[in-house]
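**Student:** Have a peek at model16.txt (compact mmCIF, C-alpha atoms).
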# COMPACT_ATOMS: atom_id res chain seq x y z
CA MET A 8 130.92 83.09 31.08
CA GLN A 9 134.45 84.32 31.62
CA PRO A 10 136.66 83.83 28.54
CA THR A 11 139.95 81.98 28.67
CA PHE A 12 143.00 83.41 26.95
CA VAL A 13 145.03 80.63 25.30
CA LEU A 14 148.56 81.92 24.69
CA VAL A 15 150.78 80.42 21.97
CA HIS A 16 154.52 81.13 21.95
CA GLY A 17 156.87 81.73 19.04
CA ALA A 18 160.06 80.05 17.85
CA PHE A 19 162.56 78.84 20.49
CA ALA A 20 160.16 80.07 23.18
CA ASN A 21 157.80 78.29 25.57
CA SER A 22 155.05 78.93 28.09
CA PHE A 23 157.57 80.56 30.45
CA SER A 24 157.64 83.59 28.14
CA PHE A 25 154.11 84.48 29.17
CA ALA A 26 154.55 84.44 32.97
CA PRO A 27 154.63 88.27 33.39
CA LEU A 28 151.67 88.70 31.03
CA GLN A 29 149.69 86.01 32.83
CA ALA A 30 150.38 87.69 36.15
CA GLU A 31 149.08 90.99 34.78
CA LEU A 32 146.02 89.33 33.25
CA GLY A 33 145.30 87.58 36.52
CA LEU A 34 145.50 90.81 38.47
CA LEU A 35 142.97 92.26 36.04
CA GLY A 36 140.66 89.32 36.73
CA HIS A 37 141.26 87.30 33.56
CA ARG A 38 141.84 83.59 33.14
CA SER A 39 144.66 82.37 30.91
CA VAL A 40 146.63 79.29 29.96
CA ALA A 41 150.03 79.33 28.28
CA VAL A 42 150.73 76.51 25.85
CA ASP A 43 153.93 74.54 25.40
CA LEU A 44 153.94 73.24 21.84
CA PRO A 45 155.44 69.75 21.25
CA GLY A 46 159.14 69.67 22.05
CA HIS A 47 158.93 72.87 24.10
CA GLY A 48 158.96 73.68 27.79
CA PHE A 49 159.82 70.66 29.90
CA ALA A 50 159.70 68.51 26.74
CA ALA A 51 162.65 70.40 25.27
CA THR A 52 166.17 69.00 24.94
CA TYR A 53 168.99 70.63 26.91
CA THR A 54 172.06 68.48 26.41
CA ARG A 55 175.04 68.54 28.79
CA ALA A 56 176.99 69.99 25.86
CA TYR A 57 174.83 73.12 26.21
CA GLN A 58 175.96 73.63 29.82
CA ALA A 59 179.10 75.53 30.76
CA PRO A 60 181.81 74.90 29.81
CA GLN A 61 180.12 74.19 26.50
CA ASP A 62 181.15 71.38 24.19
CA LEU A 63 180.33 72.98 20.84
CA ALA A 64 181.27 69.91 18.81
CA ALA A 65 178.90 67.71 20.80
CA LEU A 66 176.21 70.38 20.74
CA ALA A 67 176.33 70.39 16.94
CA THR A 68 175.50 66.68 16.70
CA ALA A 69 173.38 65.79 19.77
CA PRO A 70 169.85 64.63 18.91
CA GLY A 71 166.87 66.72 19.98
CA SER A 72 163.33 65.77 20.98
CA ILE A 73 161.80 68.27 18.56
CA MET A 74 163.18 66.47 15.50
CA GLY A 75 160.32 65.46 13.21
CA VAL A 76 157.73 67.69 14.88
CA THR A 77 155.51 69.29 12.24
CA LEU A 78 153.17 72.22 12.10
CA ALA A 79 150.35 69.68 11.98
CA ASP A 80 151.59 68.25 15.29
CA ASN A 81 151.60 71.73 16.81
CA ALA A 82 148.09 72.45 15.57
CA ALA A 83 146.75 69.11 16.81
CA HIS A 84 148.24 69.73 20.25
CA LEU A 85 146.79 73.22 20.37
CA ILE A 86 143.36 71.92 19.37
CA THR A 87 143.31 69.53 22.35
CA ILE A 88 143.91 72.52 24.64
CA LEU A 89 141.30 74.63 22.87
CA GLU A 90 138.76 71.83 23.32
CA ARG A 91 139.36 71.74 27.07
CA ALA A 92 139.26 75.53 27.37
CA LYS A 93 136.08 75.80 25.30
CA ALA A 94 134.30 73.49 27.74
CA ASN A 95 134.59 76.29 30.31
CA GLY A 96 133.37 79.18 28.16
CA PRO A 97 134.55 81.48 25.37
CA VAL A 98 138.11 81.20 24.11
CA ILE A 99 140.42 83.97 22.91
CA LEU A 100 143.40 82.49 21.10
CA VAL A 101 146.48 84.75 21.31
CA SER A 102 149.62 83.99 19.31
CA HIS A 103 153.00 85.62 18.98
CA SER A 104 155.59 85.46 16.21
CA ARG A 105 155.89 81.98 14.68
CA GLY A 106 153.08 80.82 16.95
CA GLY A 107 150.73 82.59 14.58
CA ALA A 108 151.27 79.87 11.98
CA THR A 109 150.14 77.25 14.50
CA ALA A 110 147.16 79.36 15.55
CA THR A 111 146.13 79.82 11.93
CA ALA A 112 146.35 76.08 11.20
CA ALA A 113 144.23 75.33 14.28
CA ALA A 114 141.69 77.98 13.26
CA ASN A 115 141.48 76.49 9.77
CA ALA A 116 140.63 73.11 11.28
CA ARG A 117 138.42 74.04 14.26
CA PRO A 118 136.96 77.55 14.07
CA ASP A 119 134.18 76.42 16.38
CA LEU A 120 136.65 76.36 19.29
CA ILE A 121 137.75 80.00 18.97
CA ASP A 122 135.64 83.06 19.79
CA ARG A 123 138.37 85.54 18.82
CA ILE A 124 141.84 85.05 17.39
CA VAL A 125 144.54 87.58 18.24
CA TYR A 126 147.89 87.94 16.51
CA VAL A 127 150.58 89.92 18.33
CA SER A 128 153.18 90.65 15.66
CA ALA A 129 152.57 87.08 14.54
CA TRP A 130 152.62 85.13 11.31
CA CYS A 131 149.28 84.68 9.60
CA PRO A 132 150.22 83.59 6.07
CA VAL A 133 147.66 84.37 3.38
CA ALA A 134 149.19 84.96 -0.05
CA LEU A 135 152.49 83.11 0.49
CA ASP A 136 153.97 80.39 2.66
CA VAL A 137 155.81 81.71 5.73
CA GLY A 138 159.27 81.03 4.30
CA ASP A 139 158.47 82.80 1.05
CA TYR A 140 157.71 86.09 2.78
CA TYR A 141 161.40 86.36 3.69
CA ALA A 142 162.17 87.13 0.05
CA GLU A 143 159.64 89.96 -0.05
CA PRO A 144 160.51 93.68 0.27
CA GLU A 145 158.80 93.95 3.67
CA MET A 146 161.44 91.63 5.16
CA ALA A 147 164.44 93.28 3.49
CA THR A 148 165.57 94.91 6.75
CA VAL A 149 165.81 91.58 8.60
CA ASP A 150 169.43 90.46 8.79
CA VAL A 151 168.99 86.69 8.75
CA ALA A 152 172.75 86.11 8.44
CA SER A 153 173.51 87.91 11.70
CA LEU A 154 170.88 85.86 13.51
CA ALA A 155 172.66 82.73 12.29
CA LEU A 156 175.92 83.65 14.04
CA ALA A 157 175.08 81.28 16.89
CA LEU A 158 173.73 78.46 14.75
CA ALA A 159 174.84 75.08 16.10
CA GLY A 160 175.10 72.16 13.72
CA ASN A 161 173.64 71.52 10.29
CA PRO A 162 169.81 71.71 10.34
CA ALA A 163 169.55 69.22 7.48
CA GLU A 164 171.60 66.66 9.42
CA LEU A 165 170.05 67.36 12.83
CA GLY A 166 166.50 67.49 11.52
CA LEU A 167 165.92 70.63 13.58
CA LEU A 168 167.13 74.19 13.96
CA ARG A 169 169.57 74.62 16.86
CA THR A 170 170.85 77.95 18.16
CA ASN A 171 173.35 78.44 20.95
CA PHE A 172 171.59 81.15 22.96
CA ARG A 173 174.22 80.73 25.70
CA THR A 174 176.95 82.05 23.43
CA ALA A 175 179.17 84.83 24.70
CA ASP A 176 180.01 86.03 21.19
CA PRO A 177 179.49 89.82 21.30
CA ALA A 178 178.40 89.99 17.66
CA ALA A 179 175.77 87.28 18.09
CA LEU A 180 174.44 88.82 21.31
CA ALA A 181 174.25 92.24 19.68
CA ALA A 182 172.32 90.76 16.75
CA PHE A 183 169.86 89.01 19.06
CA LYS A 184 169.28 92.13 21.12
CA ALA A 185 168.72 94.25 18.02
CA ALA A 186 166.24 91.73 16.66
CA PHE A 187 164.29 90.90 19.81
CA LEU A 188 164.60 93.55 22.53
CA ALA A 189 166.49 96.61 21.35
CA ASP A 190 164.39 98.78 23.67
CA GLY A 191 165.16 96.70 26.77
CA THR A 192 168.05 96.85 29.18
CA ASP A 193 170.96 94.43 28.82
CA ASP A 194 169.79 92.63 31.96
CA GLU A 195 166.24 92.26 30.60
CA PHE A 196 167.61 90.99 27.32
CA LEU A 197 169.91 88.38 28.87
CA THR A 198 167.19 87.24 31.25
CA PHE A 199 164.76 86.68 28.39
CA LEU A 200 167.42 85.03 26.26
CA ASN A 201 167.95 82.50 29.03
CA THR A 202 164.29 81.45 28.81
CA PHE A 203 164.80 80.45 25.16
CA GLN A 204 165.43 76.83 24.31
CA PRO A 205 168.09 75.89 21.77
CA ASP A 206 165.98 73.75 19.43
CA GLU A 207 163.10 74.54 17.08
CA ASN A 208 161.35 72.41 14.49
CA LEU A 209 161.89 73.03 10.80
CA ASP A 210 158.32 72.80 9.51
CA VAL A 211 156.48 76.11 9.11
CA GLY A 212 153.75 74.65 6.92
CA THR A 213 152.69 74.70 3.28
CA SER A 214 150.09 76.52 1.21
CA ASP A 215 147.45 74.28 2.82
CA ASP A 216 148.23 75.96 6.15
CA ARG A 217 147.54 79.50 4.99
CA ALA A 218 144.46 81.27 6.31
CA GLN A 219 141.31 79.84 4.77
CA ALA A 220 138.31 82.09 4.24
CA ALA A 221 135.70 79.40 4.87
CA THR A 222 136.94 78.51 8.36
CA TRP A 223 139.59 80.88 9.73
CA GLY A 224 137.72 83.70 8.03
CA ARG A 225 134.60 83.19 10.19
CA ILE A 226 136.40 84.01 13.43
CA PRO A 227 136.50 87.61 14.77
CA LYS A 228 140.15 88.60 14.61
CA THR A 229 142.49 91.20 16.03
CA TYR A 230 146.01 92.10 15.00
CA ILE A 231 148.18 93.90 17.56
CA ARG A 232 150.93 95.72 15.72
CA LEU A 233 154.28 96.27 17.44
CA THR A 234 155.69 99.46 15.98
CA ASP A 235 159.38 98.87 16.75
CA ASP A 236 159.60 95.18 15.89
CA THR A 237 162.66 94.51 13.73
CA SER A 238 162.37 90.72 13.45
CA LEU A 239 158.83 90.87 12.07
CA PRO A 240 158.85 94.43 10.70
CA LEU A 241 155.84 96.71 10.83
CA ALA A 242 155.65 96.70 7.04
CA LEU A 243 155.24 92.92 7.06
CA GLN A 244 152.68 93.08 9.87
CA ASP A 245 150.67 95.59 7.83
CA ARG A 246 150.92 93.38 4.75
CA LEU A 247 149.56 90.40 6.67
CA ILE A 248 146.68 92.55 7.93
CA ARG A 249 145.95 93.80 4.41
CA GLU A 250 146.02 90.30 2.93
CA GLY A 251 143.76 88.97 5.66
CA ASP A 252 141.25 91.77 5.06
CA GLU A 253 141.32 91.08 1.31
CA LEU A 254 140.62 87.40 2.00
CA THR A 255 137.65 88.16 4.27
CA PRO A 256 136.43 91.70 3.49
CA ASP A 257 133.27 91.17 5.51
CA ASN A 258 135.31 90.21 8.57
CA PRO A 259 138.34 92.53 8.68
CA TYR A 260 140.91 92.69 11.42
CA ASP A 261 140.33 94.82 14.46
CA VAL A 262 143.73 96.50 14.51
CA ARG A 263 145.47 97.70 17.67
CA THR A 264 148.94 99.18 18.01
CA LEU A 265 151.50 99.07 20.80
CA PRO A 266 154.97 100.63 20.87
CA GLY A 267 157.93 98.39 21.37
CA SER A 268 160.12 95.61 20.02
CA HIS A 269 159.33 91.95 19.38
CA LEU A 270 159.56 91.03 23.07
CA LYS A 271 158.86 94.32 24.87
CA TRP A 272 155.16 93.54 25.24
CA LEU A 273 156.17 90.48 27.27
CA THR A 274 158.72 92.19 29.54
CA ASP A 275 156.38 95.16 30.09
CA PRO A 276 153.01 93.42 29.79
CA ALA A 277 150.59 95.95 31.32
CA PRO A 278 149.67 97.71 28.04
CA ALA A 279 149.07 94.42 26.22
CA ALA A 280 147.06 93.05 29.13
CA ARG A 281 144.79 96.11 29.00
CA VAL A 282 144.21 95.62 25.27
CA LEU A 283 143.45 91.94 25.78
CA GLY A 284 141.07 92.88 28.58
CA GLU A 285 139.21 95.17 26.17
CA LEU A 286 138.87 92.26 23.76
CA ALA A 287 137.52 90.02 26.51
CA ALA A 288 134.88 92.65 27.29
CA LEU A 289 133.60 92.35 23.71
CA LEU A 290 132.49 88.80 24.49
CA SER A 291 130.38 89.78 27.51
Show how you would write the structure in this file as structure tokens.

**Tutor:**
Amino acid sequence: MQPTFVLVHGAFANSFSFAPLQAELGLLGHRSVAVDLPGHGFAATYTRAYQAPQDLAALATAPGSIMGVTLADNAAHLITILERAKANGPVILVSHSRGGATATAAANARPDLIDRIVYVSAWCPVALDVGDYYAEPEMATVDVASLALALAGNPAELGLLRTNFRTADPAALAAFKAAFLADGTDDEFLTFLNTFQPDENLDVGTSDDRAQAATWGRIPKTYIRLTDDTSLPLALQDRLIREGDELTPDNPYDVRTLPGSHLKWLTDPAPAARVLGELAALLS
């Protein structure tokens, strides 16, 4: 039976991010579904204060629908989609960036629903919680302060993380481009930035949500490295691969490598679609 690719987005993103990749997969004859995690996509909050001319004071205090959403909520939502997809045949779960934490939590809970799990420069915490990796040497090149230049409001008071992606601040835009799409044109970068939503939930999980050998470790897994990623550096990607292999030495990662930044594989999706197609062929 034909496998279904289930695509899980990263922070501040949504199913819209995957439209070019889904088009390429479809043209190669593959079936896919892009997930909107709770509080994302058409469930996201776009306040009038976010529109132009912006009201930054109101933007900093307006409530958001994603407040209180947890990693457990994300995983539960993903599992309902995996259950429906699995009814139609094999499932290949593909996650990007922060979406990897959700994919890992779902795989811990329901490995029976996943025939292969694929991380594309995505978080798969093993030895540490996601937040703790930021203090490790592999993340030393990530300039978190510059990415906070467009932060709107106090996360502790809002109960969510809000970023003003519609800012015109040259320093903030330069930081975003360097982190996400340094190898893209300015037009590609601004187009992608305008698909981002302002709000993201605060919960990235605990030690209970790290990869578990008894469940997650049973699933065939692939890690697609992005060589020029500066927001999840190659050194960190390689560490996650190494830790996963140490956790399940009898089921190591199948490792693939693509050139490009954090988002380039989504703006130029043909190479990634070919790799995913090769993985689908392994299930036939």

**Student:** Taking into account all atoms listed in the file, which residue in the set A:Tyr57, A:Trp272, A:Trp223, A:Phe12 is nearest to Phe187 (chain A)?

**Tutor:**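 Once distances to Phe187 (chain A) are computed over all atoms listed in the file, the minimum belongs to A:Trp272.
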
**Student:** What gap, in Å, lies between CA of Arg105 (chain A) and CA of Gln61 (chain A)?

**Tutor:** 28.1 Å

**Student:** Taking all atoms listed in the file into account, name the residue in A:Ser268, A:Thr54, A:Thr77, A:Ser214 that is nearest to Ala189 (chain A).

**Tutor:**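 Of A:Ser268, A:Thr54, A:Thr77, A:Ser214, the one nearest Ala189 (chain A), counting all atoms listed in the file, is A:Ser268.
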
**Student:** Using all atoms listed in the file, determine which residues lie at most 7 Å from region 126-133 of chain A, disregarding the query and same-chain residues fewer than 4 positions distant; provide the list as a count of residues only.

**Tutor:** 22

**Student:** Under the rule of at most 10 Å, produce a per-residue listing of region 24-122 of chain A near region 171-174 of chain A: chain, number, name, the closest pair of atoms, and the distance in Å, as a tab-separated table, using only C-alpha atoms.

**Tutor:**
residue	atom	partner	partner_atom	distance
A:Tyr57	CA	A:Asn171	CA	7.6
A:Gln58	CA	A:Arg173	CA	8.4
A:Ala59	CA	A:Arg173	CA	8.7
A:Gln61	CA	A:Arg173	CA	8.8
A:Leu63	CA	A:Asn171	CA	8.9
A:Leu66	CA	A:Asn171	CA	8.6
A:Ala67	CA	A:Asn171	CA	9.5

**Student:** Within 6 Å of Gly46 (chain A), counting all atoms listed in the file, which residues show up once you throw out same-chain ones fewer than 4 positions away? Write them as a PyMOL selection string, please.

**Tutor:** chain A and resi 50-51+72-73

**Student:** Can you tell me which residues surround Ile248 (chain A) at a distance of at most 9 Å, considering only C-alpha atoms, apart from same-chain residues fewer than 5 positions away, and format the answer as an MDAnalysis selection string?

**Tutor:** chainID A and resid 131 230 243 253 259:260 262

**Student:** Once all heavy atoms are restored for region 103-114 of chain A, what would the output be as a PDB file, in the frame of the given file?

**Tutor:**
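Result saved to result-v6.pdb:
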ATOM      1  N   HIS A 103     151.897  84.691  19.168  1.00  0.00           N
ATOM      2  CA  HIS A 103     153.000  85.620  18.980  1.00  0.00           C
ATOM      3  C   HIS A 103     153.997  85.016  17.998  1.00  0.00           C
ATOM      4  O   HIS A 103     154.279  83.809  18.036  1.00  0.00           O
ATOM      5  CB  HIS A 103     153.708  85.869  20.321  1.00  0.00           C
ATOM      6  CG  HIS A 103     154.894  86.783  20.235  1.00  0.00           C
ATOM      7  ND1 HIS A 103     156.096  86.496  20.852  1.00  0.00           N
ATOM      8  CD2 HIS A 103     155.070  87.972  19.607  1.00  0.00           C
ATOM      9  CE1 HIS A 103     156.951  87.481  20.613  1.00  0.00           C
ATOM     10  NE2 HIS A 103     156.354  88.382  19.854  1.00  0.00           N
ATOM     11  N   SER A 104     154.498  85.846  17.097  1.00  0.00           N
ATOM     12  CA  SER A 104     155.590  85.460  16.210  1.00  0.00           C
ATOM     13  C   SER A 104     155.241  84.199  15.420  1.00  0.00           C
ATOM     14  O   SER A 104     154.165  84.101  14.828  1.00  0.00           O
ATOM     15  CB  SER A 104     156.867  85.287  17.048  1.00  0.00           C
ATOM     16  OG  SER A 104     158.015  85.255  16.254  1.00  0.00           O
ATOM     17  N   ARG A 105     156.134  83.208  15.446  1.00  0.00           N
ATOM     18  CA  ARG A 105     155.890  81.980  14.680  1.00  0.00           C
ATOM     19  C   ARG A 105     154.671  81.214  15.189  1.00  0.00           C
ATOM     20  O   ARG A 105     154.101  80.399  14.463  1.00  0.00           O
ATOM     21  CB  ARG A 105     157.136  81.097  14.741  1.00  0.00           C
ATOM     22  CG  ARG A 105     157.171  79.990  13.716  1.00  0.00           C
ATOM     23  CD  ARG A 105     158.387  79.113  13.949  1.00  0.00           C
ATOM     24  NE  ARG A 105     158.576  78.158  12.869  1.00  0.00           N
ATOM     25  CZ  ARG A 105     159.341  77.080  12.980  1.00  0.00           C
ATOM     26  NH1 ARG A 105     159.976  76.827  14.104  1.00  0.00           N
ATOM     27  NH2 ARG A 105     159.484  76.253  11.966  1.00  0.00           N
ATOM     28  N   GLY A 106     154.271  81.474  16.423  1.00  0.00           N
ATOM     29  CA  GLY A 106     153.080  80.820  16.950  1.00  0.00           C
ATOM     30  C   GLY A 106     151.835  81.141  16.156  1.00  0.00           C
ATOM     31  O   GLY A 106     150.841  80.400  16.210  1.00  0.00           O
ATOM     32  N   GLY A 107     151.872  82.244  15.407  1.00  0.00           N
ATOM     33  CA  GLY A 107     150.730  82.590  14.580  1.00  0.00           C
ATOM     34  C   GLY A 107     150.436  81.553  13.512  1.00  0.00           C
ATOM     35  O   GLY A 107     149.276  81.332  13.143  1.00  0.00           O
ATOM     36  N   ALA A 108     151.472  80.905  12.986  1.00  0.00           N
ATOM     37  CA  ALA A 108     151.270  79.870  11.980  1.00  0.00           C
ATOM     38  C   ALA A 108     150.510  78.686  12.578  1.00  0.00           C
ATOM     39  O   ALA A 108     149.622  78.106  11.931  1.00  0.00           O
ATOM     40  CB  ALA A 108     152.609  79.417  11.415  1.00  0.00           C
ATOM     41  N   THR A 109     150.852  78.325  13.822  1.00  0.00           N
ATOM     42  CA  THR A 109     150.140  77.250  14.500  1.00  0.00           C
ATOM     43  C   THR A 109     148.700  77.650  14.787  1.00  0.00           C
ATOM     44  O   THR A 109     147.767  76.863  14.586  1.00  0.00           O
ATOM     45  CB  THR A 109     150.856  76.879  15.805  1.00  0.00           C
ATOM     46  OG1 THR A 109     152.139  76.338  15.510  1.00  0.00           O
ATOM     47  CG2 THR A 109     150.066  75.853  16.605  1.00  0.00           C
ATOM     48  N   ALA A 110     148.507  78.883  15.259  1.00  0.00           N
ATOM     49  CA  ALA A 110     147.160  79.360  15.550  1.00  0.00           C
ATOM     50  C   ALA A 110     146.296  79.368  14.298  1.00  0.00           C
ATOM     51  O   ALA A 110     145.114  78.995  14.328  1.00  0.00           O
ATOM     52  CB  ALA A 110     147.223  80.756  16.164  1.00  0.00           C
ATOM     53  N   THR A 111     146.874  79.777  13.182  1.00  0.00           N
ATOM     54  CA  THR A 111     146.130  79.820  11.930  1.00  0.00           C
ATOM     55  C   THR A 111     145.731  78.417  11.484  1.00  0.00           C
ATOM     56  O   THR A 111     144.586  78.186  11.063  1.00  0.00           O
ATOM     57  CB  THR A 111     146.981  80.502  10.842  1.00  0.00           C
ATOM     58  OG1 THR A 111     147.301  81.828  11.272  1.00  0.00           O
ATOM     59  CG2 THR A 111     146.238  80.558   9.517  1.00  0.00           C
ATOM     60  N   ALA A 112     146.660  77.470  11.585  1.00  0.00           N
ATOM     61  CA  ALA A 112     146.350  76.080  11.200  1.00  0.00           C
ATOM     62  C   ALA A 112     145.241  75.510  12.082  1.00  0.00           C
ATOM     63  O   ALA A 112     144.343  74.810  11.588  1.00  0.00           O
ATOM     64  CB  ALA A 112     147.609  75.227  11.298  1.00  0.00           C
ATOM     65  N   ALA A 113     145.281  75.807  13.381  1.00  0.00           N
ATOM     66  CA  ALA A 113     144.230  75.330  14.280  1.00  0.00           C
ATOM     67  C   ALA A 113     142.898  75.977  13.947  1.00  0.00           C
ATOM     68  O   ALA A 113     141.838  75.326  13.988  1.00  0.00           O
ATOM     69  CB  ALA A 113     144.620  75.608  15.731  1.00  0.00           C
ATOM     70  N   ALA A 114     142.927  77.269  13.610  1.00  0.00           N
ATOM     71  CA  ALA A 114     141.690  77.980  13.260  1.00  0.00           C
ATOM     72  C   ALA A 114     141.111  77.470  11.954  1.00  0.00           C
ATOM     73  O   ALA A 114     139.883  77.424  11.787  1.00  0.00           O
ATOM     74  CB  ALA A 114     141.975  79.484  13.178  1.00  0.00           C
TER      75      ALA A 114
END
